[in-house]
$ cat input02.cif   # mmCIF, C-alpha atoms
data_work
loop_
_atom_site.label_atom_id
_atom_site.label_comp_id
_atom_site.auth_asym_id
_atom_site.auth_seq_id
_atom_site.Cartn_x
_atom_site.Cartn_y
_atom_site.Cartn_z
CA MET A 21 0.00 0.00 0.00
CA TYR A 22 1.10 3.56 -0.69
CA HIS A 23 1.95 5.95 2.12
CA TYR A 24 3.32 9.47 2.30
CA ILE A 25 7.03 9.86 3.03
CA ASP A 26 7.71 11.62 6.33
CA ASP A 27 11.48 12.08 6.06
CA LYS A 28 11.53 15.72 4.91
CA GLU A 29 15.32 15.96 5.01
CA PHE A 30 15.62 12.99 2.64
CA LEU A 31 12.96 14.42 0.29
CA GLN A 32 14.75 17.76 0.04
CA ARG A 33 18.08 16.06 -0.52
CA MET A 34 16.61 13.81 -3.23
CA ARG A 35 14.90 16.72 -5.01
CA ARG A 36 18.09 18.79 -4.96
CA ARG A 37 20.17 15.95 -6.41
CA CYS A 38 17.75 15.06 -9.18
CA SER A 39 16.90 18.66 -10.07
CA ASP A 40 20.60 19.52 -10.31
CA ILE A 41 21.09 16.79 -12.93
CA VAL A 42 18.03 17.86 -14.91
CA ASN A 43 19.13 21.51 -14.80
CA GLN A 44 22.54 20.48 -16.16
CA LEU A 45 20.72 18.79 -19.04
CA VAL A 46 18.70 21.94 -19.79
CA THR A 47 21.88 24.02 -19.89
CA ALA A 48 23.65 21.53 -22.18
CA ILE A 49 20.74 21.51 -24.65
CA ASN A 50 20.25 25.27 -24.64
CA ASN A 51 23.95 25.79 -25.33
CA ASP A 52 23.41 24.00 -28.67
CA ASP A 53 21.53 25.43 -31.64
CA LEU A 54 19.06 22.57 -32.19
CA MET A 55 16.39 23.46 -29.65
CA THR A 56 15.47 25.48 -26.58
CA VAL A 57 13.98 23.73 -23.56
CA LYS A 58 13.01 24.23 -19.94
CA ALA A 59 12.28 21.65 -17.25
CA HIS A 60 10.27 21.37 -14.09
CA LEU A 61 9.35 18.80 -11.49
CA VAL A 62 5.74 17.70 -11.99
CA GLY A 63 2.98 15.78 -10.29
CA SER A 64 3.53 14.42 -6.80
CA GLY A 65 7.13 15.56 -6.45
CA ALA A 66 6.30 19.16 -7.28
CA LYS A 67 3.41 19.37 -4.83
CA ASN A 68 4.90 17.57 -1.80
CA LEU A 69 2.80 14.50 -2.52
CA GLU A 70 5.59 11.93 -2.76
CA THR A 71 4.30 8.46 -1.96
CA GLN A 72 6.03 5.12 -1.55
CA ASN A 73 4.72 1.59 -2.00
CA ALA A 74 6.07 -0.20 1.09
CA SER A 75 9.89 0.17 0.74
CA ALA A 76 9.97 0.40 -3.07
CA PRO A 77 12.11 3.06 -4.79
CA ILE A 78 10.69 6.51 -5.59
CA ASP A 79 10.42 7.99 -9.08
CA LEU A 80 10.65 11.76 -9.48
CA ASP A 81 8.79 12.91 -12.60
CA TYR A 82 10.13 15.80 -14.66
CA ASN A 83 8.78 17.43 -17.80
CA LEU A 84 11.34 18.62 -20.33
CA VAL A 85 9.40 21.23 -22.30
CA VAL A 86 10.42 21.84 -25.92
CA ILE A 87 9.96 25.60 -26.43
CA ASN A 88 11.28 25.73 -29.98
CA SER A 89 13.31 23.48 -32.24
CA SER A 90 15.19 23.83 -35.52
CA CYS A 91 14.13 20.30 -36.45
CA PRO A 92 10.41 19.71 -37.20
CA ILE A 93 8.35 19.27 -34.03
CA ASN A 94 6.76 16.17 -35.56
CA ASP A 95 10.14 14.47 -35.96
CA GLY A 96 9.79 12.78 -32.58
CA LYS A 97 12.51 10.23 -33.24
CA GLN A 98 15.18 12.87 -33.85
CA ILE A 99 14.05 14.93 -30.85
CA LYS A 100 14.06 12.01 -28.43
CA ASN A 101 17.35 10.55 -29.67
CA TYR A 102 19.05 13.93 -29.38
CA ILE A 103 17.76 14.53 -25.85
CA MET A 104 18.67 10.98 -24.79
CA LYS A 105 22.22 11.47 -26.06
CA LYS A 106 22.56 14.70 -24.08
CA PHE A 107 20.98 13.14 -20.99
CA ASN A 108 23.42 10.21 -21.05
CA MET A 109 26.31 12.66 -21.33
CA ILE A 110 25.12 14.49 -18.19
CA LEU A 111 24.41 11.26 -16.31
CA LYS A 112 27.89 9.93 -17.08
CA LYS A 113 29.42 13.21 -15.90
CA ASN A 114 27.64 12.72 -12.56
CA GLY A 115 28.61 9.06 -12.17
CA TRP A 116 25.23 7.63 -13.22
CA SER A 117 24.60 4.92 -15.82
CA ASP A 118 22.87 5.59 -19.15
CA CYS A 119 19.11 6.11 -19.10
CA SER A 120 16.64 3.72 -20.72
CA ASP A 121 14.14 4.70 -23.39
CA SER A 122 10.64 3.77 -22.22
CA THR A 123 7.42 4.38 -24.10
CA SER A 124 6.66 7.76 -22.55
CA CYS A 125 9.87 8.95 -20.87
CA LEU A 126 13.60 8.52 -20.30
CA GLU A 127 14.25 6.56 -17.10
CA THR A 128 17.44 6.61 -15.06
CA GLU A 129 18.82 3.84 -12.91
CA THR A 130 17.78 3.69 -9.25
CA ARG A 131 20.24 5.42 -6.93
CA GLU A 132 20.55 5.80 -3.16
CA PHE A 133 22.56 8.02 -0.86
CA LYS A 134 25.64 6.55 0.83
CA SER A 135 24.56 7.94 4.19
CA GLY A 136 21.24 8.55 5.88
CA ASN A 137 17.97 7.32 4.38
CA LYS A 138 18.68 4.41 2.00
CA THR A 139 15.45 4.68 0.00
CA GLY A 140 16.16 4.27 -3.71
CA PHE A 141 15.20 7.02 -6.16
CA SER A 142 15.31 7.66 -9.89
CA ILE A 143 14.40 10.26 -12.52
CA ASP A 144 11.62 9.85 -15.10
CA LEU A 145 12.02 12.52 -17.78
CA ALA A 146 9.06 13.09 -20.11
CA ILE A 147 9.47 15.20 -23.26
CA VAL A 148 6.51 17.53 -23.72
CA TYR A 149 5.33 20.65 -25.47
CA GLU A 150 2.42 23.06 -24.97
CA ASP A 151 0.34 24.33 -27.85
CA PRO A 152 -0.95 27.94 -28.02
CA ASP A 153 -4.26 26.87 -26.41
CA GLY A 154 -2.50 25.61 -23.28
CA THR A 155 -2.92 21.91 -24.05
CA TRP A 156 -0.01 19.63 -23.19
CA TYR A 157 1.41 16.85 -25.38
CA ARG A 158 3.83 14.09 -24.38
CA LEU A 159 6.26 12.44 -26.80
CA ILE A 160 5.51 8.72 -27.11
CA HIS A 161 7.80 6.02 -28.52
CA GLU A 162 5.56 3.16 -29.59
CA LYS A 163 7.77 0.08 -29.68
CA THR A 164 7.09 -2.93 -31.91
CA GLY A 165 10.14 -5.11 -31.28
CA ASN A 166 11.63 -3.97 -34.58
CA ILE A 167 12.90 -0.38 -34.38
CA SER A 168 12.35 0.16 -38.11
CA ASN A 169 8.62 -0.25 -37.46
CA ASP A 170 8.49 1.88 -34.30
CA ARG A 171 6.46 5.12 -34.15
CA TRP A 172 7.16 8.41 -32.39
CA PHE A 173 4.20 10.73 -31.89
CA TRP A 174 2.82 13.46 -29.63
CA ASN A 175 0.02 12.27 -27.35
CA ILE A 176 -2.35 14.79 -25.78
CA GLY A 177 -2.32 14.90 -21.98
CA PRO A 178 -5.77 13.80 -20.75
CA ASN A 179 -7.76 16.63 -19.17
CA SER A 180 -4.64 18.68 -18.57
CA LYS A 181 -5.90 22.03 -19.87
CA GLY A 182 -6.08 24.69 -17.18
CA LEU A 183 -4.49 22.44 -14.54
CA THR A 184 -2.29 25.15 -13.01
CA LYS A 185 -5.24 27.51 -12.48
CA LYS A 186 -7.24 24.73 -10.83
CA VAL A 187 -4.38 23.93 -8.45
CA ASP A 188 -4.10 27.60 -7.46
CA TRP A 189 -7.86 27.79 -6.85
CA LEU A 190 -7.84 24.71 -4.59
CA LYS A 191 -4.90 26.05 -2.59
CA ASN A 192 -6.55 29.45 -2.17
CA LYS A 193 -9.65 27.69 -0.83
CA ASN A 194 -7.53 25.76 1.73
CA LEU A 195 -8.48 22.44 0.16
CA TRP A 196 -4.99 20.94 -0.19
CA ASN A 197 -5.44 18.47 2.67
CA GLU A 198 -8.40 17.04 0.77
CA VAL A 199 -6.20 16.85 -2.34
CA ARG A 200 -3.69 14.76 -0.35
CA GLU A 201 -6.42 12.41 0.91
CA VAL A 202 -8.02 11.82 -2.48
CA TYR A 203 -4.66 11.47 -4.24
CA LEU A 204 -3.55 8.75 -1.82
CA GLU A 205 -6.91 6.97 -2.18
CA LYS A 206 -6.55 6.92 -5.96
CA LYS A 207 -2.98 5.61 -5.82
CA ASN A 208 -4.05 2.71 -3.60
CA MET A 209 -7.22 2.03 -5.59
CA TYR A 210 -5.24 1.55 -8.80
CA LEU A 211 -2.60 -0.48 -6.93
CA LYS A 212 -5.25 -2.88 -5.59
CA GLY A 213 -6.72 -3.23 -9.08
CA ASN A 214 -3.28 -3.99 -10.56
CA ASP A 215 -3.85 -1.03 -12.88
CA HIS A 216 -0.55 0.14 -14.43
CA ASN A 217 -2.14 2.72 -16.74
CA HIS A 218 -2.45 5.39 -14.04
CA PRO A 219 1.01 6.70 -13.11
CA SER A 220 1.40 9.36 -10.45
CA PHE A 221 0.87 12.33 -12.76
CA ILE A 222 -2.40 10.90 -14.11
CA CYS A 223 -3.63 10.27 -10.55
CA TYR A 224 -2.69 13.86 -9.75
CA ILE A 225 -4.61 15.26 -12.74
CA GLU A 226 -7.66 13.15 -11.87
CA THR A 227 -7.56 14.36 -8.25
CA ILE A 228 -7.28 18.04 -9.17
CA ASN A 229 -10.08 17.87 -11.75
CA GLU A 230 -12.36 15.87 -9.44
CA LEU A 231 -12.00 18.22 -6.48
CA TYR A 232 -12.12 21.38 -8.59
CA ASN A 233 -15.39 20.24 -10.18
CA LYS A 234 -16.76 19.18 -6.80
CA HIS A 235 -16.11 22.47 -5.01
CA LYS A 236 -16.31 24.93 -7.88
#
$ encode --input "input02.cif" --output "structure tokens"
Amino acid sequence: MYHYIDDKEFLQRMRRRCSDIVNQLVTAINNDDLMTVKAHLVGSGAKNLETQNASAPIDLDYNLVVINSSCPINDGKQIKNYIMKKFNMILKKNGWSDCSDSTSCLETETREFKSGNKTGFSIDLAIVYEDPDGTWYRLIHEKTGNISNDRWFWNIGPNSKGLTKKVDWLKNKNLWNEVREVYLEKKNMYLKGNDHNHPSFICYIETINELYNKHK
């Protein structure tokens, strides 16, 4: 079952370490001429909602936002391969192994600190962009077992439009404790149902939309 992590010192230390690596990646990319990006921690990690399933490792989710690119935005293969190459360069510089290319993000190995809390942690880096209407898209690598038949495409984020404004409204109404309760309930509901199609960020979006609609 999922529970909230109480070790605030460990959480801050983990966020600092992972965010430093991601910020190094942003700098490396922006120093090139191919594209301009920015990055931010999203979902549970950004809102102090980090949960842990028993003693399992923790994933911190980051969005790497493509602001502009000299290669076509629909050339997802070139974009992801370029970012993965840069990410591996930064990871190696920091003593980490190469990342792996999953369907919807780049995943690092699991690490742990040599002293203090020994909980494992890793970085999940999604590549996204926002259209002029404020709708978010995530770069997907659809794998077939034969890379020549694979597809790379931008998938719209479900019900993500206006999410930031909804979060601000809930906080201003002092409803964040209810957000924490419902978020944890959803995480455990999907865990019990062996549902692997609802990662943390999707649970977070569902929670925000549900409570915003309920109270608004």
$ closest_residue --input "input02.cif" --among "A:Asp121, A:Glu132, A:Asp52, A:Glu205" --to "Asp79 in chain A" --atoms "all atoms listed in the file"
A:Glu132
$ atom_distance --input "input02.cif" --atom1 "CA of Leu31 in chain A" --atom2 "CA of Leu80 in chain A"
10.4 Å
$ atom_distance --input "input02.cif" --atom1 "CA of Ser39 in chain A" --atom2 "CA of Val62 in chain A"
11.4 Å
$ closest_residue --input "input02.cif" --among "A:Lys97, A:Asn43, A:Glu127, A:Leu204" --to "Ser168 in chain A" --atoms "only C-alpha atoms"
A:Lys97
$ resolve_selection --input "input02.cif" --expression "the PyMOL selection byres ((chain A and resi 157) around 6)" --output "list in words"
Val148, Tyr149, Trp156, Arg158, Trp174, Asn175, Ile176 and Gly177 of chain A
$ resolve_selection --input "input02.cif" --expression "the PyMOL selection byres ((chain A and resi 232-235) around 12)" --output "PyMOL selection string"
chain A and resi 182-196+198-199+225-231+236
$ residues_around --input "input02.cif" --residues "Leu126 in chain A" --least-positions-apart "6" --cutoff "7 Å" --atoms "only C-alpha atoms" --output "PyMOL selection string"
chain A and resi 119-120+144-146
$ closest_residue --input "input02.cif" --among "A:Asn114, A:Ser142, A:Asn217, A:Asn50" --to "Tyr82 in chain A" --atoms "all atoms listed in the file"
A:Ser142
$ resolve_selection --input "input02.cif" --expression "the PyMOL selection byres ((chain A and resi 54) around 7)" --output "compact mmCIF listing (two decimals) with C-alpha atoms, keeping the file's coordinate frame"
# COMPACT_ATOMS: atom_id res chain seq x y z
CA ASP A 52 23.41 24.00 -28.67
CA ASP A 53 21.53 25.43 -31.64
CA MET A 55 16.39 23.46 -29.65
CA SER A 89 13.31 23.48 -32.24
CA SER A 90 15.19 23.83 -35.52
CA CYS A 91 14.13 20.30 -36.45
$ atom_distance --input "input02.cif" --atom1 "CA of Asn137 in chain A" --atom2 "CA of Arg35 in chain A"
13.6 Å
$ closest_residue --input "input02.cif" --among "A:Ile110, A:Cys125, A:Leu159, A:Ala59" --to "Gln98 in chain A" --atoms "all atoms listed in the file"
A:Leu159
$ closest_residue --input "input02.cif" --among "A:Glu201, A:Gly96, A:Ser180, A:Lys206" --to "Ile160 in chain A" --atoms "only C-alpha atoms"
A:Gly96
$ closest_residue --input "input02.cif" --among "A:Asn94, A:Glu29, A:Cys223, A:Leu61" --to "Tyr210 in chain A" --atoms "all atoms listed in the file"
A:Cys223
$ axis_aligned_box --input "input02.cif" --around "range 81-87 of chain A" --padding-each-side "8 Å" --output "lines of an AutoDock Vina configuration file"
center_x = 10.1
center_y = 19.3
center_z = -19.5
size_x = 18.6
size_y = 28.7
size_z = 29.8
$ residues_near_point --input "input02.cif" --point "(10.8, 5.1, -5.1)" --cutoff "7 Å" --atoms "only C-alpha atoms" --output "JSON, numbers by chain"
{"A": [72, 76, 77, 78, 79, 139, 140, 141]}
$ decode --input "input02.cif" --residues "range 110-128 of chain A" --atoms "N, CA, C and O atoms" --output "PDB file, in the first residue's frame"
ATOM      1  N   ILE A 110      25.209  13.879 -19.512  1.00  0.00           N
ATOM      2  CA  ILE A 110      25.123  14.490 -18.190  1.00  0.00           C
ATOM      3  C   ILE A 110      25.147  13.424 -17.096  1.00  0.00           C
ATOM      4  O   ILE A 110      25.807  13.583 -16.058  1.00  0.00           O
ATOM      5  N   LEU A 111      24.433  12.326 -17.309  1.00  0.00           N
ATOM      6  CA  LEU A 111      24.414  11.255 -16.307  1.00  0.00           C
ATOM      7  C   LEU A 111      25.812  10.683 -16.095  1.00  0.00           C
ATOM      8  O   LEU A 111      26.239  10.454 -14.957  1.00  0.00           O
ATOM      9  N   LYS A 112      26.532  10.454 -17.182  1.00  0.00           N
ATOM     10  CA  LYS A 112      27.894   9.929 -17.077  1.00  0.00           C
ATOM     11  C   LYS A 112      28.791  10.901 -16.319  1.00  0.00           C
ATOM     12  O   LYS A 112      29.611  10.491 -15.474  1.00  0.00           O
ATOM     13  N   LYS A 113      28.632  12.186 -16.576  1.00  0.00           N
ATOM     14  CA  LYS A 113      29.418  13.214 -15.899  1.00  0.00           C
ATOM     15  C   LYS A 113      29.202  13.170 -14.389  1.00  0.00           C
ATOM     16  O   LYS A 113      30.102  13.480 -13.602  1.00  0.00           O
ATOM     17  N   ASN A 114      27.990  12.766 -13.972  1.00  0.00           N
ATOM     18  CA  ASN A 114      27.639  12.721 -12.559  1.00  0.00           C
ATOM     19  C   ASN A 114      27.784  11.333 -11.944  1.00  0.00           C
ATOM     20  O   ASN A 114      27.358  11.102 -10.808  1.00  0.00           O
ATOM     21  N   GLY A 115      28.368  10.388 -12.701  1.00  0.00           N
ATOM     22  CA  GLY A 115      28.613   9.056 -12.170  1.00  0.00           C
ATOM     23  C   GLY A 115      27.416   8.129 -12.230  1.00  0.00           C
ATOM     24  O   GLY A 115      27.399   7.104 -11.537  1.00  0.00           O
ATOM     25  N   TRP A 116      26.406   8.473 -13.059  1.00  0.00           N
ATOM     26  CA  TRP A 116      25.228   7.633 -13.225  1.00  0.00           C
ATOM     27  C   TRP A 116      25.349   6.834 -14.521  1.00  0.00           C
ATOM     28  O   TRP A 116      26.044   7.235 -15.456  1.00  0.00           O
ATOM     29  N   SER A 117      24.643   5.717 -14.600  1.00  0.00           N
ATOM     30  CA  SER A 117      24.598   4.919 -15.820  1.00  0.00           C
ATOM     31  C   SER A 117      23.669   5.565 -16.846  1.00  0.00           C
ATOM     32  O   SER A 117      22.896   6.470 -16.520  1.00  0.00           O
ATOM     33  N   ASP A 118      23.738   5.088 -18.097  1.00  0.00           N
ATOM     34  CA  ASP A 118      22.867   5.593 -19.151  1.00  0.00           C
ATOM     35  C   ASP A 118      21.401   5.375 -18.793  1.00  0.00           C
ATOM     36  O   ASP A 118      21.043   4.416 -18.091  1.00  0.00           O
ATOM     37  N   CYS A 119      20.544   6.252 -19.309  1.00  0.00           N
ATOM     38  CA  CYS A 119      19.106   6.110 -19.103  1.00  0.00           C
ATOM     39  C   CYS A 119      18.554   5.060 -20.068  1.00  0.00           C
ATOM     40  O   CYS A 119      19.218   4.644 -21.015  1.00  0.00           O
ATOM     41  N   SER A 120      17.332   4.637 -19.811  1.00  0.00           N
ATOM     42  CA  SER A 120      16.644   3.722 -20.716  1.00  0.00           C
ATOM     43  C   SER A 120      15.495   4.469 -21.379  1.00  0.00           C
ATOM     44  O   SER A 120      14.900   5.375 -20.798  1.00  0.00           O
ATOM     45  N   ASP A 121      15.173   4.059 -22.600  1.00  0.00           N
ATOM     46  CA  ASP A 121      14.136   4.705 -23.393  1.00  0.00           C
ATOM     47  C   ASP A 121      12.832   3.932 -23.237  1.00  0.00           C
ATOM     48  O   ASP A 121      12.652   2.886 -23.855  1.00  0.00           O
ATOM     49  N   SER A 122      11.939   4.429 -22.393  1.00  0.00           N
ATOM     50  CA  SER A 122      10.645   3.772 -22.222  1.00  0.00           C
ATOM     51  C   SER A 122       9.649   4.381 -23.202  1.00  0.00           C
ATOM     52  O   SER A 122       9.975   5.294 -23.967  1.00  0.00           O
ATOM     53  N   THR A 123       8.431   3.909 -23.174  1.00  0.00           N
ATOM     54  CA  THR A 123       7.419   4.384 -24.104  1.00  0.00           C
ATOM     55  C   THR A 123       7.170   5.879 -23.975  1.00  0.00           C
ATOM     56  O   THR A 123       7.086   6.596 -24.974  1.00  0.00           O
ATOM     57  N   SER A 124       7.085   6.381 -22.732  1.00  0.00           N
ATOM     58  CA  SER A 124       6.662   7.764 -22.545  1.00  0.00           C
ATOM     59  C   SER A 124       7.700   8.656 -21.867  1.00  0.00           C
ATOM     60  O   SER A 124       7.432   9.837 -21.665  1.00  0.00           O
ATOM     61  N   CYS A 125       8.870   8.118 -21.525  1.00  0.00           N
ATOM     62  CA  CYS A 125       9.871   8.952 -20.870  1.00  0.00           C
ATOM     63  C   CYS A 125      11.246   8.301 -20.958  1.00  0.00           C
ATOM     64  O   CYS A 125      11.399   7.181 -21.454  1.00  0.00           O
ATOM     65  N   LEU A 126      12.251   9.037 -20.478  1.00  0.00           N
ATOM     66  CA  LEU A 126      13.598   8.517 -20.303  1.00  0.00           C
ATOM     67  C   LEU A 126      13.777   8.223 -18.825  1.00  0.00           C
ATOM     68  O   LEU A 126      13.561   9.106 -17.991  1.00  0.00           O
ATOM     69  N   GLU A 127      14.178   6.999 -18.493  1.00  0.00           N
ATOM     70  CA  GLU A 127      14.249   6.559 -17.103  1.00  0.00           C
ATOM     71  C   GLU A 127      15.700   6.313 -16.698  1.00  0.00           C
ATOM     72  O   GLU A 127      16.432   5.613 -17.396  1.00  0.00           O
ATOM     73  N   THR A 128      16.092   6.858 -15.554  1.00  0.00           N
ATOM     74  CA  THR A 128      17.442   6.609 -15.058  1.00  0.00           C
ATOM     75  C   THR A 128      17.456   5.347 -14.198  1.00  0.00           C
ATOM     76  O   THR A 128      16.410   4.798 -13.844  1.00  0.00           O
TER      77      THR A 128
END
